[in-house]
Structure formats: C-alpha cells, structure tokens
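What follows is the content of structure02.pdb, which has PDB, C-alpha atoms and all ligand atoms:
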ATOM      1  CA  MET A 196      86.742 113.029 124.990
ATOM      2  CA  LYS A 197      89.918 111.375 123.724
ATOM      3  CA  GLN A 198      91.260 113.046 120.574
ATOM      4  CA  TYR A 199      89.198 111.965 117.549
ATOM      5  CA  ASP A 200      91.306 110.366 114.796
ATOM      6  CA  PHE A 201      90.335 111.975 111.457
ATOM      7  CA  PRO A 202      91.367 110.244 108.205
ATOM      8  CA  PRO A 203      93.629 112.695 106.317
ATOM      9  CA  TYR A 204      92.047 111.949 102.899
ATOM     10  CA  ARG A 205      88.589 111.277 101.536
ATOM     11  CA  PRO A 206      87.033 111.425  98.042
ATOM     12  CA  PRO A 207      85.637 114.882  97.109
ATOM     13  CA  ASN A 208      82.101 113.503  96.977
ATOM     14  CA  GLU A 209      82.435 112.513 100.648
ATOM     15  CA  ALA A 210      82.902 116.143 101.726
ATOM     16  CA  ASP A 211      79.710 116.064 103.810
ATOM     17  CA  SER A 212      80.310 112.596 105.229
ATOM     18  CA  CYS A 213      81.173 111.609 108.749
ATOM     19  CA  LEU A 214      84.766 110.357 108.625
ATOM     20  CA  ILE A 215      85.789 107.338 110.666
ATOM     21  CA  ARG A 216      89.277 105.913 110.611
ATOM     22  CA  PHE A 217      89.606 102.108 110.820
ATOM     23  CA  THR A 218      93.234 101.952 109.653
ATOM     24  CA  ARG A 219      96.105 104.388 109.205
ATOM     25  CA  GLY A 220      98.065 104.675 105.963
ATOM     26  CA  CYS A 221      98.337 102.316 103.023
ATOM     27  CA  PRO A 222      99.555  98.700 103.238
ATOM     28  CA  TRP A 223     100.929  98.958  99.677
ATOM     29  CA  ASN A 224     102.274 102.521  99.629
ATOM     30  CA  LYS A 225     104.318 101.960  96.467
ATOM     31  CA  CYS A 226     102.359 103.601  93.642
ATOM     32  CA  GLN A 227     104.733 105.887  91.760
ATOM     33  CA  PHE A 228     102.307 108.809  91.589
ATOM     34  CA  CYS A 229     101.029 108.759  95.180
ATOM     35  CA  MET A 230     102.521 110.541  98.162
ATOM     36  CA  MET A 231      99.405 110.483 100.347
ATOM     37  CA  TYR A 232     100.601 108.144 103.057
ATOM     38  CA  LYS A 233     104.364 108.151 102.479
ATOM     39  CA  ARG A 234     105.027 109.295 106.038
ATOM     40  CA  VAL A 235     102.383 107.115 107.678
ATOM     41  CA  LYS A 236     103.216 103.639 108.882
ATOM     42  CA  PHE A 237     100.354 101.312 108.026
ATOM     43  CA  GLU A 238      98.452 100.068 111.056
ATOM     44  CA  ILE A 239      95.078  98.671 111.951
ATOM     45  CA  ARG A 240      93.564 100.655 114.782
ATOM     46  CA  GLY A 241      92.335  98.886 117.906
ATOM     47  CA  VAL A 242      88.643  97.953 117.839
ATOM     48  CA  ASP A 243      87.941  99.727 121.141
ATOM     49  CA  GLU A 244      89.554 102.927 119.848
ATOM     50  CA  ILE A 245      87.435 102.822 116.668
ATOM     51  CA  LEU A 246      84.239 102.061 118.617
ATOM     52  CA  GLU A 247      84.953 105.056 120.828
ATOM     53  CA  ASP A 248      85.334 107.291 117.742
ATOM     54  CA  ILE A 249      82.061 105.964 116.298
ATOM     55  CA  GLN A 250      80.337 106.677 119.614
ATOM     56  CA  ASN A 251      81.756 110.224 119.662
ATOM     57  CA  ALA A 252      81.185 110.950 115.949
ATOM     58  CA  PRO A 253      77.678 112.488 116.373
ATOM     59  CA  SER A 254      79.114 115.196 118.660
ATOM     60  CA  ILE A 255      81.459 116.210 115.809
ATOM     61  CA  PHE A 256      79.416 115.549 112.667
ATOM     62  CA  GLY A 257      75.863 115.782 114.040
ATOM     63  CA  ARG A 258      73.366 112.950 114.308
ATOM     64  CA  ASP A 259      71.561 113.672 111.015
ATOM     65  CA  ILE A 260      74.391 113.033 108.596
ATOM     66  CA  LYS A 261      73.496 110.865 105.614
ATOM     67  CA  SER A 262      76.845 109.265 104.788
ATOM     68  CA  VAL A 263      79.931 107.825 106.439
ATOM     69  CA  PHE A 264      83.349 107.406 104.850
ATOM     70  CA  ILE A 265      85.825 104.912 106.333
ATOM     71  CA  GLY A 266      89.571 105.692 106.148
ATOM     72  CA  ASP A 267      92.363 105.188 105.299
ATOM     73  CA  SER A 268      93.269 103.537 102.000
ATOM     74  CA  ASP A 269      92.494  99.845 102.440
ATOM     75  CA  SER A 270      90.548  99.181 105.630
ATOM     76  CA  LEU A 271      88.665  96.235 104.175
ATOM     77  CA  LEU A 272      91.728  94.078 104.696
ATOM     78  CA  MET A 273      90.685  93.920 108.346
ATOM     79  CA  LYS A 274      89.048  90.675 109.477
ATOM     80  CA  THR A 275      85.499  90.436 108.147
ATOM     81  CA  ASP A 276      83.994  89.765 111.607
ATOM     82  CA  THR A 277      85.655  92.890 112.999
ATOM     83  CA  LEU A 278      84.443  94.965 110.056
ATOM     84  CA  VAL A 279      80.909  93.624 110.555
ATOM     85  CA  THR A 280      80.976  94.640 114.243
ATOM     86  CA  LEU A 281      82.173  98.149 113.356
ATOM     87  CA  LEU A 282      79.718  98.604 110.469
ATOM     88  CA  LYS A 283      76.811  97.517 112.657
ATOM     89  CA  LYS A 284      77.873 100.022 115.300
ATOM     90  CA  ILE A 285      77.981 102.792 112.672
ATOM     91  CA  ARG A 286      74.437 101.882 111.588
ATOM     92  CA  GLU A 287      73.272 101.817 115.219
ATOM     93  CA  VAL A 288      74.735 105.246 116.010
ATOM     94  CA  PHE A 289      73.542 106.758 112.700
ATOM     95  CA  PRO A 290      70.255 105.004 111.852
ATOM     96  CA  ASN A 291      69.396 107.281 108.886
ATOM     97  CA  LEU A 292      72.397 106.779 106.628
ATOM     98  CA  ASP A 293      72.050 106.618 102.850
ATOM     99  CA  ARG A 294      75.546 105.260 102.348
ATOM    100  CA  VAL A 295      78.687 103.953 104.038
ATOM    101  CA  THR A 296      81.777 103.855 101.811
ATOM    102  CA  SER A 297      85.454 102.994 101.952
ATOM    103  CA  TYR A 298      88.532 103.079  99.762
ATOM    104  CA  ALA A 299      89.772  99.583  98.913
ATOM    105  CA  ARG A 300      92.469  97.912  96.865
ATOM    106  CA  ILE A 301      91.166  95.527  94.236
ATOM    107  CA  LYS A 302      93.377  92.665  95.448
ATOM    108  CA  THR A 303      91.948  93.048  98.958
ATOM    109  CA  LEU A 304      88.418  92.750  97.578
ATOM    110  CA  LYS A 305      89.418  89.743  95.465
ATOM    111  CA  ALA A 306      90.935  88.044  98.528
ATOM    112  CA  LYS A 307      87.795  88.782 100.589
ATOM    113  CA  GLY A 308      85.626  86.922  98.103
ATOM    114  CA  GLN A 309      81.959  87.316  97.366
ATOM    115  CA  ASP A 310      80.601  85.772 100.608
ATOM    116  CA  ASN A 311      82.605  88.120 102.819
ATOM    117  CA  LEU A 312      81.758  91.114 100.640
ATOM    118  CA  LYS A 313      78.093  90.201 101.020
ATOM    119  CA  LYS A 314      78.557  90.059 104.823
ATOM    120  CA  LEU A 315      79.965  93.592 104.687
ATOM    121  CA  PHE A 316      77.065  94.764 102.537
ATOM    122  CA  ASP A 317      74.554  93.136 104.915
ATOM    123  CA  ALA A 318      76.261  94.877 107.855
ATOM    124  CA  GLY A 319      75.821  98.271 106.200
ATOM    125  CA  LEU A 320      78.693  98.971 103.801
ATOM    126  CA  THR A 321      77.254 100.272 100.529
ATOM    127  CA  ARG A 322      80.101 101.369  98.244
ATOM    128  CA  VAL A 323      83.811 100.881  97.637
ATOM    129  CA  HIS A 324      86.116 103.452  95.978
ATOM    130  CA  ILE A 325      88.843 101.674  94.011
ATOM    131  CA  GLY A 326      91.811 103.124  92.143
ATOM    132  CA  LEU A 327      91.978 101.526  88.698
ATOM    133  CA  GLU A 328      94.171 104.377  87.408
ATOM    134  CA  SER A 329      94.644 102.587  84.065
ATOM    135  CA  GLY A 330      93.286  99.553  82.296
ATOM    136  CA  SER A 331      96.648  98.983  80.638
ATOM    137  CA  ASP A 332      98.945  96.452  82.324
ATOM    138  CA  LYS A 333     101.900  98.267  80.800
ATOM    139  CA  VAL A 334     100.887 101.505  82.540
ATOM    140  CA  LEU A 335      99.961  99.705  85.772
ATOM    141  CA  GLU A 336     103.436  98.190  85.820
ATOM    142  CA  LEU A 337     105.045 101.547  85.081
ATOM    143  CA  ILE A 338     103.276 103.197  88.024
ATOM    144  CA  ASN A 339     103.783 100.144  90.251
ATOM    145  CA  LYS A 340     100.104  99.862  91.086
ATOM    146  CA  GLY A 341     100.500  96.279  92.267
ATOM    147  CA  SER A 342      97.454  95.125  90.317
ATOM    148  CA  LYS A 343      96.582  94.130  86.777
ATOM    149  CA  ALA A 344      93.585  94.740  84.552
ATOM    150  CA  LYS A 345      92.433  91.137  85.050
ATOM    151  CA  HIS A 346      92.061  91.682  88.811
ATOM    152  CA  PHE A 347      89.402  94.323  88.142
ATOM    153  CA  ILE A 348      87.624  92.255  85.518
ATOM    154  CA  GLN A 349      87.632  89.105  87.701
ATOM    155  CA  THR A 350      86.574  90.851  90.907
ATOM    156  CA  ALA A 351      83.845  93.098  89.493
ATOM    157  CA  PRO A 352      81.172  90.343  89.335
ATOM    158  CA  MET A 353      81.832  89.490  93.025
ATOM    159  CA  ILE A 354      81.364  93.117  94.000
ATOM    160  CA  HIS A 355      78.169  93.429  91.952
ATOM    161  CA  LYS A 356      76.719  90.183  93.314
ATOM    162  CA  SER A 357      77.486  91.189  96.909
ATOM    163  CA  GLY A 358      75.224  94.235  96.485
ATOM    164  CA  LEU A 359      78.040  96.763  96.871
ATOM    165  CA  GLN A 360      78.354  99.635  94.416
ATOM    166  CA  PHE A 361      81.773 100.413  93.114
ATOM    167  CA  SER A 362      83.433 103.571  92.069
ATOM    168  CA  LEU A 363      86.544 103.327  89.879
ATOM    169  CA  TYR A 364      89.168 106.072  89.694
ATOM    170  CA  VAL A 365      90.963 106.706  86.410
ATOM    171  CA  LEU A 366      94.131 108.786  86.236
ATOM    172  CA  LEU A 367      94.384 110.745  82.991
ATOM    173  CA  ALA A 368      97.811 111.395  81.444
ATOM    174  CA  VAL A 369      99.599 109.044  83.847
ATOM    175  CA  GLY A 370     101.293 107.150  81.004
ATOM    176  CA  GLY A 371     102.535 110.319  79.326
ATOM    177  CA  LYS A 372     102.537 110.700  75.539
ATOM    178  CA  GLU A 373     104.299 107.365  75.229
ATOM    179  CA  TYR A 374     101.417 105.257  76.556
ATOM    180  CA  SER A 375      98.457 107.582  76.052
ATOM    181  CA  HIS A 376      96.828 105.492  73.349
ATOM    182  CA  ILE A 377      96.962 102.122  75.134
ATOM    183  CA  HIS A 378      96.097 103.824  78.423
ATOM    184  CA  SER A 379      92.881 105.247  77.000
ATOM    185  CA  SER A 380      91.751 102.294  74.887
ATOM    186  CA  GLU A 381      92.544  99.614  77.491
ATOM    187  CA  THR A 382      90.998 101.677  80.299
ATOM    188  CA  ALA A 383      87.737 101.850  78.335
ATOM    189  CA  GLU A 384      87.964  98.084  77.844
ATOM    190  CA  VAL A 385      88.307  97.387  81.592
ATOM    191  CA  ILE A 386      85.375  99.720  82.282
ATOM    192  CA  ASN A 387      83.304  97.838  79.699
ATOM    193  CA  GLN A 388      84.185  94.496  81.217
ATOM    194  CA  SER A 389      83.718  95.463  84.864
ATOM    195  CA  ASN A 390      80.642  97.743  84.662
ATOM    196  CA  PRO A 391      81.470 100.077  87.570
ATOM    197  CA  ASP A 392      78.640 102.146  88.993
ATOM    198  CA  PHE A 393      80.842 105.253  88.849
ATOM    199  CA  VAL A 394      83.969 106.250  86.927
ATOM    200  CA  ARG A 395      85.721 109.217  88.505
ATOM    201  CA  PHE A 396      88.516 110.921  86.580
ATOM    202  CA  ARG A 397      91.579 112.675  87.958
ATOM    203  CA  THR A 398      94.509 114.079  85.937
ATOM    204  CA  ILE A 399      98.058 113.307  87.009
ATOM    205  CA  ILE A 400      99.829 116.072  88.911
ATOM    206  CA  PRO A 401     103.437 114.935  89.275
ATOM    207  CA  ILE A 402     104.304 115.669  92.891
ATOM    208  CA  PRO A 403     107.991 116.548  93.484
ATOM    209  CA  GLY A 404     109.760 113.576  95.024
ATOM    210  CA  SER A 405     107.350 111.043  93.522
ATOM    211  CA  GLY A 406     108.515 108.343  91.124
ATOM    212  CA  ILE A 407     106.266 109.650  88.355
ATOM    213  CA  ASP A 408     107.744 113.146  88.688
ATOM    214  CA  LYS A 409     111.201 111.646  88.177
ATOM    215  CA  MET A 410     109.960 109.847  85.048
ATOM    216  CA  PHE A 411     108.629 113.125  83.640
ATOM    217  CA  THR A 412     111.689 115.184  84.552
ATOM    218  CA  SER A 413     114.169 112.555  83.280
ATOM    219  CA  GLY A 414     112.366 112.339  79.938
ATOM    220  CA  GLU A 415     111.329 108.714  80.409
ATOM    221  CA  LEU A 416     107.782 110.014  80.027
ATOM    222  CA  THR A 417     106.564 113.109  78.198
ATOM    223  CA  TYR A 418     103.905 115.166  79.970
ATOM    224  CA  LEU A 419     100.787 115.562  77.853
ATOM    225  CA  SER A 420      99.655 118.919  76.533
ATOM    226  CA  ASP A 421      96.193 120.060  77.618
ATOM    227  CA  LYS A 422      94.887 119.107  74.181
ATOM    228  CA  ASP A 423      96.346 115.611  74.492
ATOM    229  CA  ILE A 424      94.808 115.142  77.950
ATOM    230  CA  ILE A 425      91.405 115.986  76.494
ATOM    231  CA  ALA A 426      92.064 113.650  73.543
ATOM    232  CA  GLU A 427      92.802 110.862  76.018
ATOM    233  CA  GLN A 428      89.524 111.346  77.852
ATOM    234  CA  LEU A 429      87.653 111.679  74.554
ATOM    235  CA  ASN A 430      89.038 108.309  73.511
ATOM    236  CA  ILE A 431      88.050 106.686  76.817
ATOM    237  CA  ILE A 432      84.498 108.029  76.816
ATOM    238  CA  ARG A 433      83.989 107.342  73.107
ATOM    239  CA  ASN A 434      84.869 103.687  73.715
ATOM    240  CA  ILE A 435      82.810 103.122  76.868
ATOM    241  CA  GLN A 436      79.821 100.925  76.087
ATOM    242  CA  ALA A 437      78.964 100.214  79.744
ATOM    243  CA  LYS A 438      76.169 101.990  81.549
ATOM    244  CA  THR A 439      77.819 104.048  84.256
ATOM    245  CA  TYR A 440      78.093 107.452  85.918
ATOM    246  CA  ILE A 441      80.975 109.652  84.818
ATOM    247  CA  ALA A 442      82.413 112.370  87.044
ATOM    248  CA  ASN A 443      85.357 114.703  86.516
ATOM    249  CA  ASP A 444      84.891 115.681  90.137
ATOM    250  CA  HIS A 445      88.415 116.767  90.958
ATOM    251  CA  ILE A 446      90.294 120.050  90.751
ATOM    252  CA  SER A 447      93.040 118.382  88.675
ATOM    253  CA  ASN A 448      90.766 118.032  85.647
ATOM    254  CA  LEU A 449      90.652 120.520  82.770
ATOM    255  CA  VAL A 450      86.933 120.173  82.092
ATOM    256  CA  SER A 451      84.020 119.545  84.406
ATOM    257  CA  ILE A 452      81.562 116.862  83.272
ATOM    258  CA  GLU A 453      79.267 114.728  85.369
ATOM    259  CA  GLY A 454      76.303 112.445  84.664
ATOM    260  CA  GLU A 455      75.135 109.117  83.341
ATOM    261  CA  ILE A 456      76.149 107.433  80.147
ATOM    262  CA  PRO A 457      74.907 106.389  77.661
ATOM    263  CA  GLN A 458      72.306 109.137  78.261
ATOM    264  CA  LYS A 459      74.864 111.979  78.333
ATOM    265  CA  LYS A 460      77.593 110.420  76.246
ATOM    266  CA  ASP A 461      77.106 112.633  73.181
ATOM    267  CA  TYR A 462      76.870 115.696  75.402
ATOM    268  CA  PHE A 463      80.180 114.838  77.125
ATOM    269  CA  LEU A 464      81.870 114.113  73.799
ATOM    270  CA  ASN A 465      80.656 117.449  72.517
ATOM    271  CA  ILE A 466      82.021 119.340  75.536
ATOM    272  CA  LEU A 467      85.354 117.540  75.337
ATOM    273  CA  GLN A 468      85.602 118.106  71.575
ATOM    274  CA  LYS A 469      84.990 121.843  72.069
ATOM    275  CA  ALA A 470      87.700 121.910  74.737
ATOM    276  CA  TYR A 471      90.035 120.000  72.413
ATOM    277  CA  ASP A 472      89.399 122.489  69.584
ATOM    278  CA  SER A 473      89.979 125.488  71.833
ATOM    279  CA  PHE A 474      93.172 124.357  73.614
ATOM    280  CA  GLY A 475      96.562 125.153  72.167
ATOM    281  CA  ASP A 476      99.612 122.915  72.485
ATOM    282  CA  LYS A 477     100.575 124.151  75.936
ATOM    283  CA  SER A 478     100.719 122.083  79.108
ATOM    284  CA  ARG A 479      99.384 123.412  82.354
ATOM    285  CA  ASP A 480     101.646 125.200  84.784
ATOM    286  CA  LYS A 481     102.602 122.383  87.182
ATOM    287  CA  GLU A 482     103.639 124.841  89.901
ATOM    288  CA  LYS A 483     100.104 126.240  89.921
ATOM    289  CA  LEU A 484      98.582 122.757  89.921
ATOM    290  CA  LEU A 485     100.620 121.745  92.945
ATOM    291  CA  ARG A 486      98.986 124.547  94.918
ATOM    292  CA  TYR A 487      95.671 122.701  94.565
ATOM    293  CA  LEU A 488      96.960 119.627  96.360
TER
HETATM  294  S1  LIG A 501      97.310 105.125  95.262
HETATM  295 FE1  LIG A 501      96.233 103.994  96.854
HETATM  296  S2  LIG A 501      97.178 101.944  96.824
HETATM  297 FE2  LIG A 501      98.583 103.313  95.752
HETATM  298  S3  LIG A 501     100.027 103.987  97.337
HETATM  299 FE3  LIG A 501      98.392 105.537  97.207
HETATM  300  S4  LIG A 501      96.929 104.948  98.760
HETATM  301 FE4  LIG A 501      98.240 103.169  98.388
END
Can you dump the structure from the file as structure tokens?
Ligand code: SF4
Amino acid sequence: MKQYDFPPYRPPNEADSCLIRFTRGCPWNKCQFCMMYKRVKFEIRGVDEILEDIQNAPSIFGRDIKSVFIGDSDSLLMKTDTLVTLLKKIREVFPNLDRVTSYARIKTLKAKGQDNLKKLFDAGLTRVHIGLESGSDKVLELINKGSKAKHFIQTAPMIHKSGLQFSLYVLLAVGGKEYSHIHSSETAEVINQSNPDFVRFRTIIPIPGSGIDKMFTSGELTYLSDKDIIAEQLNIIRNIQAKTYIANDHISNLVSIEGEIPQKKDYFLNILQKAYDSFGDKSRDKEKLLRYL
C-alpha cells in the first residue's frame, strides 16, 4: 500500500474518527495566533490519491468506525462535484457512519452557497467545524482572521437550510485585557444570531514566533489573568440566548464544562462563578501550557 496521508490536525472530538486528507495546509494561513500549517504549502490532493486513501482506510481504522473527519483546514473549497464524488465513496466504503465532518472557513461556505452545501449534505457530509474565534470585528482584524462577524451571521442560515450542522470555535482571551469586553459581548451576539449547533471554546496559548505572541510580549496586548479568562467566558455564556451545545473540550481551558443550553446554563454559570471566586490574580504559566500543544 502507498503511504497513507494522515491529516496532522483534527478536533479533539474526532479522536475516534477515520481521518482522510483531501487538501494539505491552509489556503489563508495568516491568522496571528495559528502556527498549525505555517510550514505546509497549501495544495489540493489529486482525486485518485484521495480515492486510494479512502479505499485503504478500513485497513487502518477498521470497517466499523462511526465517523470520518476530512482534513486539512479548508477542503470544502474544492469543486463541489469532486467533493460529492469523494463523499459518496466514503459512504460506500463505510456504510454505517453517523457523521462525516470537515473544518471550513466561513468565506468558503458563503462562496459555496446553499445549493452546493445541500449537495454536500446529500452526498454524506454532516457537519462543518468553523473557527469564529471572536464575534468582534475589532478582534478579528487584530488577529487577521480574514473574516467579519457579518460573514457568520449571513452564512449561518444557508448552513442550517442545507441540513449541515455547524460547530463554532471561540478563542478565549485572544483580545487580551484591552478587548476582553467587546470580545465577549460581541461573540455572544454572533452566537445568538447564527444559532450554531455547537460552540467549542479554546483559550489562547501564545505560541512563540506567532503574531499574537509578539503582541503580548511587546505590550500591545495584556495577557488575561485566570480570573479574567473565566470572567470573559461567564460574560459570553450569560449573554447567549441561542439553544446550543457548549463544550470546553480542549486542554487549553481552565474549567471543563459540556452540555446543552439553556438546560445547563445556570449550572455552567455556577461552575464558572465558583472558579472565578477561587482564582487569584495570577496568569497561567505559559511555558507549561506550551507543553500541551
Ligand atoms: S486558524 Fe484556520 S484559517 Fe486561520 S491560519 Fe489557522 S488553519 Fe488557517
């Protein structure tokens, strides 16, 4: 068998998924906090190569797996017809899947449009993982995300109508002390206006060499204390009116919470408030955090 091409990253909740790489790297690759694909030149893999990996996947992951994750960061920018062919092949090789998911950039989904998203859903894609990071345009500009809050709000109805679920990622503390308030309140607002099926939180870990690390070390941004990070998440969750599933399912977070809101909203607020009351004014040891990455 030719060497199988494993995607280097996947969401934590895809730990048991079969991993299939459609593209390599990130076509944007400019977010100030992200070093994931800095050394990878973006490319779309050849269809025959991908089909061969799909065919060989059961010998690596077993035939009874329940989920497939497609890498790398923005594979849905491939032509819709090609994606449909590949998704159908995945469903043929693994007939018992509960879900097939992929990372995607919001602008790629917007450009695809509802009809093409529906074609992808009909071919077997079930969920997209999208980095919102912040609902504040000021913060999005600061981190050079290449998208604005309105892109999420405008595209969300297309995603919902296509049948796809969507999982939004929020990056706590990314705006430092300076933007913490607008980051939290405007993030809650985008969540309320886009109704994601999942909201998954991560906390910024400034990686040496990244743009955000330079902002923190130069003093342009002030790193939040543990208490302030909790206050930020408290403010986001307090202001979410949408029905969604919250998950702090990443090692970077200070507190572990997971479940549906509004059902568990008071419970989450209670846990976060207790954490807030118990934390001092210290920030976490960044050296230790980097070991988790
Ligand atoms: S966060 Fe996502 S879009 Fe931004 S550079 Fe990293 S992989 Fe690309």
Determine the residue membership of the PyMOL selection byres (((not hetatm)) within 10 of (chain A and resi 501)) for the file above and supply it as a ChimeraX atom specification. /A:204,220-233,267-269,298-301,325-328,338-342,364
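Compared by their closest atoms to A:Asp480, and using all atoms listed in the file, the residues A:Ile400, A:Ile239, A:Met353, A:Leu363 rank with A:Ile400 nearest.
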Identify the residues around (99.1, 125.7, 70.3) within a radius of 12 Å, measuring from all atoms listed in the file in the coordinates stated by the file, and give them as a PDB file with C-alpha atoms, in the coordinates of the input.
ATOM      1  CA  SER A 420      99.655 118.919  76.533  1.00  0.00           C
ATOM      2  CA  ASP A 421      96.193 120.060  77.618  1.00  0.00           C
ATOM      3  CA  LYS A 422      94.887 119.107  74.181  1.00  0.00           C
ATOM      4  CA  ASP A 423      96.346 115.611  74.492  1.00  0.00           C
ATOM      5  CA  TYR A 471      90.035 120.000  72.413  1.00  0.00           C
ATOM      6  CA  ASP A 472      89.399 122.489  69.584  1.00  0.00           C
ATOM      7  CA  SER A 473      89.979 125.488  71.833  1.00  0.00           C
ATOM      8  CA  PHE A 474      93.172 124.357  73.614  1.00  0.00           C
ATOM      9  CA  GLY A 475      96.562 125.153  72.167  1.00  0.00           C
ATOM     10  CA  ASP A 476      99.612 122.915  72.485  1.00  0.00           C
ATOM     11  CA  LYS A 477     100.575 124.151  75.936  1.00  0.00           C
ATOM     12  CA  SER A 478     100.719 122.083  79.108  1.00  0.00           C
TER      13      SER A 478
END
Test item: the PyMOL selection byres (((chain A and resi 244-260) around 9) and not hetatm) resolved as a PyMOL selection string: chain A and resi 196-200+211-217+240-243+261-263+281+284-285+288-293
Using all atoms listed in the file, collect all residues at a distance of at most 10 Å from (75.8, 98.9, 101.8) as written in the file, then present them as a ChimeraX atom specification. /A:282,292-296,312-323,357-360
Residues just named, written with C-alpha atoms as a PDB file, in the frame of the given file:
ATOM      1  CA  LEU A 282      79.718  98.604 110.469  1.00  0.00           C
ATOM      2  CA  LEU A 292      72.397 106.779 106.628  1.00  0.00           C
ATOM      3  CA  ASP A 293      72.050 106.618 102.850  1.00  0.00           C
ATOM      4  CA  ARG A 294      75.546 105.260 102.348  1.00  0.00           C
ATOM      5  CA  VAL A 295      78.687 103.953 104.038  1.00  0.00           C
ATOM      6  CA  THR A 296      81.777 103.855 101.811  1.00  0.00           C
ATOM      7  CA  LEU A 312      81.758  91.114 100.640  1.00  0.00           C
ATOM      8  CA  LYS A 313      78.093  90.201 101.020  1.00  0.00           C
ATOM      9  CA  LYS A 314      78.557  90.059 104.823  1.00  0.00           C
ATOM     10  CA  LEU A 315      79.965  93.592 104.687  1.00  0.00           C
ATOM     11  CA  PHE A 316      77.065  94.764 102.537  1.00  0.00           C
ATOM     12  CA  ASP A 317      74.554  93.136 104.915  1.00  0.00           C
ATOM     13  CA  ALA A 318      76.261  94.877 107.855  1.00  0.00           C
ATOM     14  CA  GLY A 319      75.821  98.271 106.200  1.00  0.00           C
ATOM     15  CA  LEU A 320      78.693  98.971 103.801  1.00  0.00           C
ATOM     16  CA  THR A 321      77.254 100.272 100.529  1.00  0.00           C
ATOM     17  CA  ARG A 322      80.101 101.369  98.244  1.00  0.00           C
ATOM     18  CA  VAL A 323      83.811 100.881  97.637  1.00  0.00           C
ATOM     19  CA  SER A 357      77.486  91.189  96.909  1.00  0.00           C
ATOM     20  CA  GLY A 358      75.224  94.235  96.485  1.00  0.00           C
ATOM     21  CA  LEU A 359      78.040  96.763  96.871  1.00  0.00           C
ATOM     22  CA  GLN A 360      78.354  99.635  94.416  1.00  0.00           C
TER      23      GLN A 360
END
For A:Ser379, please output as a list in words all residues within 8 Å (counting all atoms listed in the file; exclusion window: fewer than 4 positions along the same chain). Ser329, Gly330, Ser375, Ala383, Glu427, Gln428, Asn430 and Ile431 of chain A
Taking the file as shown, what set of residues would the PyMOL selection byres (((chain A and resi 453) around 7) and not hetatm) give back, as a PyMOL selection string? chain A and resi 441-443+451-452+454
